[in-house]
>>> print(open('input34.cif').read())   # mmCIF, C-alpha atoms
data_entry
#
loop_
_atom_site.label_atom_id
_atom_site.label_comp_id
_atom_site.auth_asym_id
_atom_site.auth_seq_id
_atom_site.Cartn_x
_atom_site.Cartn_y
_atom_site.Cartn_z
CA ASN I 282 0.00 0.00 0.00
CA GLN I 283 1.19 3.49 -0.85
CA THR I 284 0.90 6.51 1.41
CA PRO I 285 -1.12 9.57 0.30
CA THR I 286 2.15 11.45 -0.18
CA GLU I 287 3.50 8.74 -2.49
CA VAL I 288 0.25 8.65 -4.47
CA GLU I 289 0.32 12.44 -4.81
CA LYS I 290 3.92 12.31 -6.05
CA ILE I 291 3.00 9.70 -8.68
CA LEU I 292 -0.03 11.69 -9.87
CA VAL I 293 1.97 14.92 -10.10
CA GLY I 294 4.66 13.12 -12.09
CA LYS I 295 2.07 11.70 -14.50
CA ALA I 296 0.49 15.13 -14.92
CA LYS I 297 3.88 16.67 -15.72
CA GLU I 298 4.54 13.95 -18.31
CA LEU I 299 1.18 14.59 -19.97
CA TYR I 300 1.74 18.34 -20.02
CA ARG I 301 5.19 17.90 -21.53
CA GLN I 302 3.63 15.74 -24.25
CA LYS I 303 1.18 18.57 -24.97
CA GLU I 304 4.09 21.00 -25.20
CA ILE I 305 5.67 18.74 -27.82
CA THR I 306 2.60 18.03 -29.95
CA PHE I 307 0.79 21.37 -29.76
CA PRO I 308 3.22 23.39 -31.93
CA VAL I 309 2.86 20.77 -34.67
CA ALA I 310 -0.93 20.71 -34.37
CA ALA I 311 -1.00 24.52 -34.58
CA GLY I 312 1.24 24.50 -37.66
CA MET I 313 -0.90 21.85 -39.34
CA ALA I 314 -4.05 23.85 -38.57
CA LYS I 315 -2.44 26.89 -40.16
CA PHE I 316 -1.04 25.38 -43.36
CA MET I 317 -2.78 22.00 -43.80
CA ASN I 318 -6.27 22.75 -42.52
CA GLU I 319 -8.80 20.04 -43.32
CA GLY I 320 -11.76 21.59 -41.51
CA THR I 321 -13.87 24.68 -42.05
CA SER I 322 -11.99 26.88 -39.58
CA SER I 323 -9.92 28.31 -42.45
CA GLN I 324 -12.89 30.51 -43.29
CA ALA I 325 -12.98 31.96 -39.78
CA VAL I 326 -9.26 32.40 -39.09
CA PRO I 327 -7.40 34.96 -41.21
CA GLY I 328 -4.45 33.46 -43.07
CA SER I 329 -5.36 29.82 -42.50
CA GLN I 330 -4.79 27.73 -45.62
CA LYS I 331 -5.55 24.26 -46.97
CA TYR I 332 -2.71 22.02 -48.11
CA ASN I 333 -0.02 24.70 -48.31
CA ARG I 334 2.89 22.26 -48.14
CA GLU I 335 5.48 24.87 -49.08
CA GLY I 336 4.25 27.20 -46.34
CA LEU I 337 4.32 24.38 -43.80
CA TYR I 338 7.88 23.49 -44.82
CA LYS I 339 9.08 27.09 -44.42
CA TRP I 340 7.33 27.38 -41.06
CA ALA I 341 8.89 24.12 -39.83
CA GLN I 342 12.35 25.24 -40.98
CA SER I 343 11.97 28.42 -38.96
CA ARG I 344 10.24 26.89 -35.92
CA PHE I 345 12.68 23.96 -35.56
CA HIS I 346 15.71 25.69 -37.05
CA GLN I 347 18.20 23.75 -34.92
CA PHE I 348 16.96 20.55 -36.60
CA ALA I 349 16.40 22.00 -40.07
CA SER I 350 18.62 19.29 -41.59
CA ASP I 351 16.04 16.69 -40.50
CA LEU I 352 13.36 18.39 -42.59
CA SER I 353 13.46 17.55 -46.29
CA GLU I 354 11.44 19.64 -48.74
CA GLU I 355 10.88 16.44 -50.74
CA ASN I 356 9.14 14.84 -47.75
CA PHE I 357 6.76 17.79 -47.45
CA ARG I 358 5.86 17.40 -51.14
CA THR I 359 5.35 13.62 -51.18
CA LEU I 360 4.32 12.43 -47.71
CA SER I 361 0.72 12.28 -46.57
CA ARG I 362 -0.65 14.76 -44.05
CA ALA I 363 -0.50 12.17 -41.24
CA GLU I 364 3.08 11.22 -42.11
CA ILE I 365 4.18 14.86 -42.16
CA GLN I 366 2.56 15.43 -38.78
CA GLN I 367 4.28 12.36 -37.31
CA MET I 368 7.63 13.53 -38.68
CA LEU I 369 7.18 17.00 -37.17
CA VAL I 370 6.21 15.56 -33.78
CA GLN I 371 9.48 13.61 -33.75
CA VAL I 372 11.43 16.78 -34.55
CA SER I 373 9.49 18.73 -31.90
CA PHE I 374 10.36 16.04 -29.35
CA LYS I 375 14.07 16.49 -30.09
CA ALA I 376 13.75 20.28 -29.98
CA MET I 377 12.12 20.35 -26.53
CA PRO I 378 14.83 20.24 -23.82
CA GLU I 379 14.60 17.89 -20.86
CA ILE I 380 15.20 20.86 -18.57
CA GLY I 381 12.10 22.91 -17.80
CA GLN I 382 10.74 25.61 -15.52
CA ALA I 383 11.06 23.41 -12.43
CA ASP I 384 14.80 23.02 -13.06
CA ILE I 385 15.14 26.76 -13.56
CA ASP I 386 13.47 27.28 -10.18
CA LEU I 387 15.96 24.95 -8.51
CA LYS I 388 18.86 26.89 -10.02
CA LEU I 389 17.30 30.16 -8.88
CA ALA I 390 16.96 28.85 -5.32
CA GLU I 391 20.64 27.90 -5.36
CA ALA I 392 21.75 31.23 -6.81
CA PHE I 393 19.69 33.32 -4.36
CA HIS I 394 20.68 31.34 -1.27
CA GLY I 395 21.48 33.85 1.47
CA THR I 396 20.42 36.97 -0.41
CA GLN I 397 17.29 38.82 -1.51
CA VAL I 398 18.88 40.65 -4.45
CA SER I 399 21.22 39.07 -6.99
CA GLU I 400 24.89 40.05 -7.13
CA ASP I 401 27.18 40.01 -10.18
CA GLY I 402 28.33 36.47 -9.40
CA ASP I 403 24.76 35.21 -9.02
CA ALA I 404 23.75 36.71 -12.36
CA LYS I 405 26.80 35.19 -14.05
CA ASP I 406 25.92 31.74 -12.63
CA LEU I 407 22.36 32.01 -13.93
CA CYS I 408 23.44 33.25 -17.37
CA ASP I 409 26.03 30.46 -17.65
CA TYR I 410 23.35 27.92 -16.72
CA MET I 411 20.94 29.19 -19.38
CA ARG I 412 23.69 29.23 -22.01
CA THR I 413 25.16 25.78 -21.31
CA GLN I 414 21.95 23.91 -20.47
CA LEU I 415 19.43 25.62 -22.77
CA GLN I 416 21.55 27.43 -25.38
CA ILE I 417 19.92 30.72 -24.40
CA GLU I 418 21.96 33.92 -24.12
CA ILE I 419 20.91 36.42 -21.44
CA PRO I 420 22.91 39.62 -20.74
CA THR I 421 24.39 39.45 -17.23
CA GLU I 422 23.18 42.94 -16.35
CA LYS I 423 19.59 41.83 -16.95
CA LEU I 424 19.80 39.45 -13.96
CA THR I 425 21.95 41.67 -11.72
CA GLY I 426 20.38 43.52 -8.80
CA VAL I 427 16.96 41.88 -9.12
CA SER I 428 14.83 39.80 -6.78
CA GLN I 429 14.38 36.05 -7.18
CA ASP I 430 10.82 36.51 -8.45
CA ALA I 431 11.92 39.09 -11.02
CA ALA I 432 14.73 36.80 -12.20
CA ARG I 433 12.22 33.94 -12.48
CA GLN I 434 9.94 36.03 -14.68
CA ILE I 435 12.84 36.97 -16.97
CA MET I 436 14.16 33.42 -17.30
CA TRP I 437 10.75 31.78 -17.68
CA ASN I 438 9.62 34.27 -20.33
CA ILE I 439 12.80 33.82 -22.36
CA PHE I 440 12.51 30.02 -22.02
CA ASP I 441 8.92 30.18 -23.28
CA ASP I 442 9.86 32.42 -26.21
CA HIS I 443 12.54 29.95 -27.29
CA TYR I 444 10.93 26.57 -26.69
CA ARG I 445 7.16 26.90 -26.26
CA PRO I 446 5.86 30.09 -27.88
CA GLU I 447 2.64 28.48 -29.16
CA MET I 448 1.78 26.96 -25.77
CA ARG I 449 2.45 30.27 -24.05
CA ILE I 450 0.10 32.14 -26.38
CA MET I 451 -2.54 29.44 -26.04
CA GLU I 452 -2.28 29.42 -22.23
CA ARG I 453 -2.57 33.20 -22.13
CA GLY I 454 -5.59 33.13 -24.42
CA LEU I 455 -7.30 30.53 -22.25
CA VAL I 456 -6.57 32.49 -19.07
CA LEU I 457 -8.00 35.68 -20.58
CA ALA I 458 -11.09 33.84 -21.81
CA GLN I 459 -11.68 32.27 -18.41
CA LEU I 460 -11.05 35.55 -16.58
CA ASP I 461 -13.60 37.35 -18.74
CA SER I 462 -16.47 35.27 -17.37
CA THR I 463 -15.01 34.46 -13.96
CA TRP I 464 -14.34 38.10 -13.09
CA LYS I 465 -17.95 39.03 -13.83
CA ASN I 466 -19.13 36.26 -11.52
CA HIS I 467 -16.66 37.44 -8.87
CA LEU I 468 -18.05 40.99 -9.01
CA TYR I 469 -21.57 39.59 -8.61
CA VAL I 470 -20.46 37.59 -5.55
CA MET I 471 -18.80 40.68 -4.05
CA ASP I 472 -21.96 42.74 -4.57
CA HIS I 473 -23.98 40.07 -2.81
CA LEU I 474 -21.43 39.95 0.02
CA ARG I 475 -21.57 43.74 0.41
CA SER I 476 -25.35 43.68 0.68
CA THR I 477 -25.40 40.96 3.34
CA VAL I 478 -22.26 41.63 5.38
CA GLY I 479 -24.11 44.05 7.65
CA LEU I 480 -25.98 41.12 9.16
CA ARG I 481 -22.70 39.89 10.66
CA GLY I 482 -23.00 42.74 13.16
CA TYR I 483 -25.66 40.76 14.97
CA ALA I 484 -23.00 38.13 15.64
CA GLN I 485 -20.73 40.86 17.09
CA GLU I 486 -18.39 40.75 14.09
CA ASP I 487 -16.98 43.85 12.42
CA PRO I 488 -18.63 44.02 8.95
CA LYS I 489 -15.55 45.66 7.39
CA THR I 490 -13.24 42.96 8.69
CA VAL I 491 -15.62 40.24 7.53
CA TYR I 492 -15.93 41.86 4.10
CA LYS I 493 -12.15 42.00 3.65
CA ARG I 494 -11.64 38.44 4.88
CA GLU I 495 -14.44 36.89 2.84
CA GLY I 496 -13.57 39.01 -0.20
CA MET I 497 -9.96 37.81 -0.18
CA LYS I 498 -11.14 34.22 0.19
CA GLU I 499 -13.43 34.63 -2.83
CA PHE I 500 -10.63 36.26 -4.85
CA GLU I 501 -8.19 33.43 -4.12
CA GLY I 502 -10.89 30.90 -4.97
CA MET I 503 -11.49 32.67 -8.28
CA TRP I 504 -7.81 32.34 -9.28
CA GLU I 505 -7.69 28.71 -8.23
CA GLY I 506 -10.76 28.04 -10.35
CA VAL I 507 -9.18 29.73 -13.38
CA GLU I 508 -6.00 27.65 -13.02
CA GLU I 509 -7.99 24.42 -12.69
CA ARG I 510 -10.17 25.14 -15.73
CA VAL I 511 -7.22 26.15 -17.92
CA SER I 512 -5.32 22.99 -16.94
CA GLU I 513 -8.41 20.87 -17.60
CA ILE I 514 -8.87 22.37 -21.08
CA VAL I 515 -5.21 21.79 -21.96
CA PHE I 516 -5.27 18.16 -20.81
CA ARG I 517 -8.53 17.41 -22.65
CA MET I 518 -7.39 19.14 -25.82
CA GLU I 519 -6.80 16.85 -28.78
CA ASP I 520 -7.15 18.33 -32.26
CA ALA I 521 -9.28 21.28 -31.20
CA ASP I 522 -8.86 23.57 -34.23
CA GLU I 523 -10.56 26.47 -32.48
CA VAL I 524 -7.90 26.41 -29.72
CA GLN I 525 -4.98 25.91 -32.11
CA ASP I 526 -6.23 28.68 -34.39
CA THR I 527 -6.22 31.00 -31.38
CA VAL I 528 -2.41 30.85 -31.49
CA TRP I 529 -2.38 32.60 -34.84
CA VAL I 530 -5.07 35.15 -33.94
CA ILE I 531 -3.51 36.14 -30.61
CA GLY I 532 0.01 35.82 -32.02
CA SER I 533 -0.70 38.57 -34.54
CA ALA I 534 -0.95 41.07 -31.69
CA THR I 535 1.89 42.38 -29.52
CA HIS I 536 1.79 41.49 -25.85
CA GLU I 537 3.87 42.58 -22.92
CA SER I 538 5.37 39.91 -20.72
CA ALA I 539 2.74 38.80 -18.24
CA PRO I 540 3.65 37.43 -14.80
CA ARG I 541 2.79 33.78 -14.19
CA LEU I 542 0.31 32.68 -11.64
CA GLN I 543 2.20 31.93 -8.46
CA ALA I 544 0.96 30.53 -5.21
CA PRO I 545 1.60 33.02 -2.38
CA GLU I 546 4.75 32.12 -0.52
CA ALA I 547 4.61 31.59 3.19
CA GLN I 548 6.49 34.41 4.86
CA SER I 549 5.86 33.76 8.53
CA SER I 550 8.26 30.83 8.69
CA GLY I 551 10.91 32.58 6.61
CA ALA I 552 11.49 35.55 8.92
CA PRO I 553 13.15 33.66 11.78
CA GLU I 554 15.46 31.88 9.33
CA GLU I 555 16.53 35.18 7.79
CA ILE I 556 17.24 36.69 11.20
CA LYS I 557 19.11 33.57 12.26
CA GLN I 558 21.11 33.55 9.02
CA GLU I 559 22.08 37.23 9.32
CA LYS I 560 23.41 36.62 12.83
CA LYS I 561 25.53 33.71 11.59
CA VAL I 562 27.08 35.79 8.80
CA GLU I 563 27.81 38.71 11.12
CA THR I 564 29.57 36.36 13.55
CA ILE I 565 31.81 35.00 10.77
CA ARG I 566 32.57 38.52 9.60
CA ASN I 567 33.80 39.55 13.03
CA PHE I 568 36.44 36.79 13.09
CA GLY I 569 38.23 37.74 9.91
CA GLU I 570 38.06 39.08 6.39
CA ARG I 571 34.60 38.89 4.88
CA ILE I 572 34.11 36.10 2.33
CA GLY I 573 31.82 37.02 -0.55
CA ARG I 574 28.99 34.67 -1.43
CA ASN I 575 30.53 34.04 -4.84
CA ASP I 576 34.16 33.85 -3.64
CA PRO I 577 35.99 30.49 -3.34
CA CYS I 578 35.26 28.86 0.02
CA SER I 579 38.08 29.15 2.58
CA CYS I 580 37.85 25.42 3.38
CA GLY I 581 39.65 24.64 0.12
CA SER I 582 36.86 22.60 -1.48
CA GLY I 583 37.02 24.63 -4.68
CA LYS I 584 33.31 25.46 -4.46
CA LYS I 585 31.81 28.90 -4.08
CA PHE I 586 31.17 29.96 -0.48
CA LYS I 587 27.37 30.10 -0.99
CA ASN I 588 27.36 26.48 -2.17
CA CYS I 589 29.71 25.17 0.55
CA CYS I 590 30.31 26.33 4.13
CA MET I 591 27.70 29.08 3.91
CA ARG I 592 25.03 26.37 3.68
CA THR I 593 26.62 24.46 6.58
CA ASN I 594 26.78 27.55 8.78
CA ALA I 595 23.16 28.41 8.02
CA VAL I 596 21.90 25.05 9.32
#
>>> encode(input="input34.cif", output="structure tokens")
Amino acid sequence: NQTPTEVEKILVGKAKELYRQKEITFPVAAGMAKFMNEGTSSQAVPGSQKYNREGLYKWAQSRFHQFASDLSEENFRTLSRAEIQQMLVQVSFKAMPEIGQADIDLKLAEAFHGTQVSEDGDAKDLCDYMRTQLQIEIPTEKLTGVSQDAARQIMWNIFDDHYRPEMRIMERGLVLAQLDSTWKNHLYVMDHLRSTVGLRGYAQEDPKTVYKREGMKEFEGMWEGVEERVSEIVFRMEDADEVQDTVWVIGSATHESAPRLQAPEAQSSGAPEEIKQEKKVETIRNFGERIGRNDPCSCGSGKKFKNCCMRTNAV
């Protein structure tokens, strides 16, 4: 028998595998819907075409440019639609790196250990990681002097632009569509709460406090509902032309980088650790010359101080 924690870990792993599979197949499905559309959606979506093999070939060469040698123009002229799609899925699988956002978060946690704002050495570590692991170049100054959350937004957005632009546009479109209806329902709920909160006074509760507390609870529930519905749509999506076509409609507009939905981080437990950590560092500083977080550790291990004795001292 497995414990609830073990079952949860298995389910989360399966969900991540399924989502990764969507990230691999969706760009191909979107490209096929654009250039090899077999349905009637070509009449509704500007620029959608039927059996434009040359256009599909040029798009694939640009989209999977690092594997352009695997894409033969002859294959696009002679293979069937299903065979072309299967070939592109194989190329998309090779183009999608094993490293994802979760790995970027782990690297960020390592780089920001013991600090709230990145230093030059931290930014260099992060830029080196993105270049060697993901072949993505980021200027060091872009990640210098920023918070961990700001660095995450920069690195995630650049990762999405390079490896999953279609999924990012689709996810954003789904979130906006869900918010449109969900926000209206939320306003209705808040109006109802405002009209009834006065009755809480009979229970010797402050109506303003109740309104703020219940309103925040409803707001958090609204966001959780949006996340659940978007995830459900993505997982249930097969060859939904209307969703794939959205990539081309939304993609024709210019969007600013939008922050990702993040669960609020617990801060109450973090404060004592920060205070405790600051005291440790100050004690070390008083005994000798200050060792920078990105300097070689004095123990002679060859590692940076933040990844060696700094971690030991913080325990």
>>> resolve_selection(input="input34.cif", expression="the PyMOL selection byres ((chain I and resi 408) around 8)", output="list in words")
Ala404, Lys405, Asp406, Leu407, Asp409, Tyr410, Met411, Arg412, Glu418, Ile419, Pro420, Thr421 and Leu424 of chain I
>>> closest_residue(input="input34.cif", among="I:Tyr338, I:Tyr444, I:Phe374, I:Tyr332", to="Gln302 in chain I", atoms="only C-alpha atoms")
I:Phe374
>>> resolve_selection(input="input34.cif", expression="the PyMOL selection byres ((chain I and resi 470-484) around 12)", output="ChimeraX atom specification")
/I:463-469,485-500,502-503
>>> resolve_selection(input="input34.cif", expression="the PyMOL selection byres ((chain I and resi 577) around 12)", output="PyMOL selection string")
chain I and resi 402+571-576+578-591
>>> residues_around(input="input34.cif", residues="Ser399 in chain I", least_positions_apart="4", cutoff="12 Å", atoms="all atoms listed in the file", output="list in words")
Leu389, Ala390, Glu391, Ala392, Phe393, His394, Gly395, Asp403, Ala404, Lys405, Asp406, Leu407, Thr421, Glu422, Lys423, Leu424, Thr425, Gly426, Val427, Ser428, Gln429, Asp430, Ala431, Ala432, Arg433, Arg574 and Asn575 of chain I
>>> write_last_selection(input="input34.cif", atoms="C-alpha atoms", output="PDB file, in the frame of the given file")
ATOM      1  CA  LEU I 389      17.300  30.160  -8.880  1.00  0.00           C
ATOM      2  CA  ALA I 390      16.960  28.850  -5.320  1.00  0.00           C
ATOM      3  CA  GLU I 391      20.640  27.900  -5.360  1.00  0.00           C
ATOM      4  CA  ALA I 392      21.750  31.230  -6.810  1.00  0.00           C
ATOM      5  CA  PHE I 393      19.690  33.320  -4.360  1.00  0.00           C
ATOM      6  CA  HIS I 394      20.680  31.340  -1.270  1.00  0.00           C
ATOM      7  CA  GLY I 395      21.480  33.850   1.470  1.00  0.00           C
ATOM      8  CA  ASP I 403      24.760  35.210  -9.020  1.00  0.00           C
ATOM      9  CA  ALA I 404      23.750  36.710 -12.360  1.00  0.00           C
ATOM     10  CA  LYS I 405      26.800  35.190 -14.050  1.00  0.00           C
ATOM     11  CA  ASP I 406      25.920  31.740 -12.630  1.00  0.00           C
ATOM     12  CA  LEU I 407      22.360  32.010 -13.930  1.00  0.00           C
ATOM     13  CA  THR I 421      24.390  39.450 -17.230  1.00  0.00           C
ATOM     14  CA  GLU I 422      23.180  42.940 -16.350  1.00  0.00           C
ATOM     15  CA  LYS I 423      19.590  41.830 -16.950  1.00  0.00           C
ATOM     16  CA  LEU I 424      19.800  39.450 -13.960  1.00  0.00           C
ATOM     17  CA  THR I 425      21.950  41.670 -11.720  1.00  0.00           C
ATOM     18  CA  GLY I 426      20.380  43.520  -8.800  1.00  0.00           C
ATOM     19  CA  VAL I 427      16.960  41.880  -9.120  1.00  0.00           C
ATOM     20  CA  SER I 428      14.830  39.800  -6.780  1.00  0.00           C
ATOM     21  CA  GLN I 429      14.380  36.050  -7.180  1.00  0.00           C
ATOM     22  CA  ASP I 430      10.820  36.510  -8.450  1.00  0.00           C
ATOM     23  CA  ALA I 431      11.920  39.090 -11.020  1.00  0.00           C
ATOM     24  CA  ALA I 432      14.730  36.800 -12.200  1.00  0.00           C
ATOM     25  CA  ARG I 433      12.220  33.940 -12.480  1.00  0.00           C
ATOM     26  CA  ARG I 574      28.990  34.670  -1.430  1.00  0.00           C
ATOM     27  CA  ASN I 575      30.530  34.040  -4.840  1.00  0.00           C
TER      28      ASN I 575
END
>>> atom_distance(input="input34.cif", atom1="CA of Met313 in chain I", atom2="CA of Gln367 in chain I")
11.0 Å
>>> decode(input="input34.cif", residues="range 323-398 of chain I", atoms="C-alpha atoms", output="mmCIF file, in the first residue's frame")
data_model
loop_
_atom_site.group_PDB
_atom_site.id
_atom_site.type_symbol
_atom_site.label_atom_id
_atom_site.label_comp_id
_atom_site.auth_asym_id
_atom_site.auth_seq_id
_atom_site.Cartn_x
_atom_site.Cartn_y
_atom_site.Cartn_z
ATOM 1 C CA SER I 323 -9.922 28.306 -42.449
ATOM 2 C CA GLN I 324 -12.895 30.509 -43.289
ATOM 3 C CA ALA I 325 -12.977 31.963 -39.783
ATOM 4 C CA VAL I 326 -9.257 32.399 -39.091
ATOM 5 C CA PRO I 327 -7.395 34.959 -41.215
ATOM 6 C CA GLY I 328 -4.447 33.457 -43.073
ATOM 7 C CA SER I 329 -5.364 29.819 -42.500
ATOM 8 C CA GLN I 330 -4.791 27.727 -45.624
ATOM 9 C CA LYS I 331 -5.553 24.261 -46.965
ATOM 10 C CA TYR I 332 -2.705 22.024 -48.112
ATOM 11 C CA ASN I 333 -0.017 24.699 -48.306
ATOM 12 C CA ARG I 334 2.887 22.261 -48.144
ATOM 13 C CA GLU I 335 5.476 24.869 -49.078
ATOM 14 C CA GLY I 336 4.247 27.201 -46.343
ATOM 15 C CA LEU I 337 4.319 24.380 -43.797
ATOM 16 C CA TYR I 338 7.875 23.489 -44.824
ATOM 17 C CA LYS I 339 9.085 27.086 -44.416
ATOM 18 C CA TRP I 340 7.326 27.380 -41.061
ATOM 19 C CA ALA I 341 8.892 24.122 -39.826
ATOM 20 C CA GLN I 342 12.352 25.235 -40.981
ATOM 21 C CA SER I 343 11.968 28.420 -38.957
ATOM 22 C CA ARG I 344 10.245 26.893 -35.922
ATOM 23 C CA PHE I 345 12.675 23.959 -35.559
ATOM 24 C CA HIS I 346 15.710 25.694 -37.052
ATOM 25 C CA GLN I 347 18.197 23.751 -34.921
ATOM 26 C CA PHE I 348 16.964 20.547 -36.603
ATOM 27 C CA ALA I 349 16.402 21.995 -40.073
ATOM 28 C CA SER I 350 18.620 19.295 -41.589
ATOM 29 C CA ASP I 351 16.037 16.686 -40.502
ATOM 30 C CA LEU I 352 13.359 18.391 -42.588
ATOM 31 C CA SER I 353 13.458 17.554 -46.289
ATOM 32 C CA GLU I 354 11.438 19.635 -48.743
ATOM 33 C CA GLU I 355 10.883 16.443 -50.736
ATOM 34 C CA ASN I 356 9.138 14.845 -47.755
ATOM 35 C CA PHE I 357 6.761 17.786 -47.452
ATOM 36 C CA ARG I 358 5.865 17.399 -51.139
ATOM 37 C CA THR I 359 5.349 13.624 -51.183
ATOM 38 C CA LEU I 360 4.325 12.425 -47.710
ATOM 39 C CA SER I 361 0.719 12.283 -46.572
ATOM 40 C CA ARG I 362 -0.647 14.763 -44.047
ATOM 41 C CA ALA I 363 -0.499 12.172 -41.244
ATOM 42 C CA GLU I 364 3.084 11.221 -42.115
ATOM 43 C CA ILE I 365 4.185 14.857 -42.156
ATOM 44 C CA GLN I 366 2.558 15.427 -38.780
ATOM 45 C CA GLN I 367 4.277 12.365 -37.307
ATOM 46 C CA MET I 368 7.629 13.528 -38.679
ATOM 47 C CA LEU I 369 7.176 17.000 -37.175
ATOM 48 C CA VAL I 370 6.211 15.562 -33.782
ATOM 49 C CA GLN I 371 9.481 13.608 -33.747
ATOM 50 C CA VAL I 372 11.428 16.777 -34.547
ATOM 51 C CA SER I 373 9.489 18.726 -31.903
ATOM 52 C CA PHE I 374 10.362 16.035 -29.350
ATOM 53 C CA LYS I 375 14.071 16.491 -30.089
ATOM 54 C CA ALA I 376 13.753 20.279 -29.976
ATOM 55 C CA MET I 377 12.117 20.352 -26.528
ATOM 56 C CA PRO I 378 14.834 20.241 -23.822
ATOM 57 C CA GLU I 379 14.599 17.894 -20.857
ATOM 58 C CA ILE I 380 15.198 20.864 -18.567
ATOM 59 C CA GLY I 381 12.102 22.912 -17.803
ATOM 60 C CA GLN I 382 10.744 25.605 -15.525
ATOM 61 C CA ALA I 383 11.064 23.412 -12.426
ATOM 62 C CA ASP I 384 14.800 23.017 -13.057
ATOM 63 C CA ILE I 385 15.142 26.764 -13.558
ATOM 64 C CA ASP I 386 13.470 27.284 -10.181
ATOM 65 C CA LEU I 387 15.965 24.949 -8.508
ATOM 66 C CA LYS I 388 18.861 26.890 -10.023
ATOM 67 C CA LEU I 389 17.299 30.155 -8.882
ATOM 68 C CA ALA I 390 16.958 28.855 -5.317
ATOM 69 C CA GLU I 391 20.640 27.902 -5.362
ATOM 70 C CA ALA I 392 21.755 31.232 -6.805
ATOM 71 C CA PHE I 393 19.688 33.317 -4.359
ATOM 72 C CA HIS I 394 20.685 31.338 -1.270
ATOM 73 C CA GLY I 395 21.483 33.853 1.467
ATOM 74 C CA THR I 396 20.419 36.967 -0.411
ATOM 75 C CA GLN I 397 17.291 38.820 -1.509
ATOM 76 C CA VAL I 398 18.882 40.649 -4.447
#
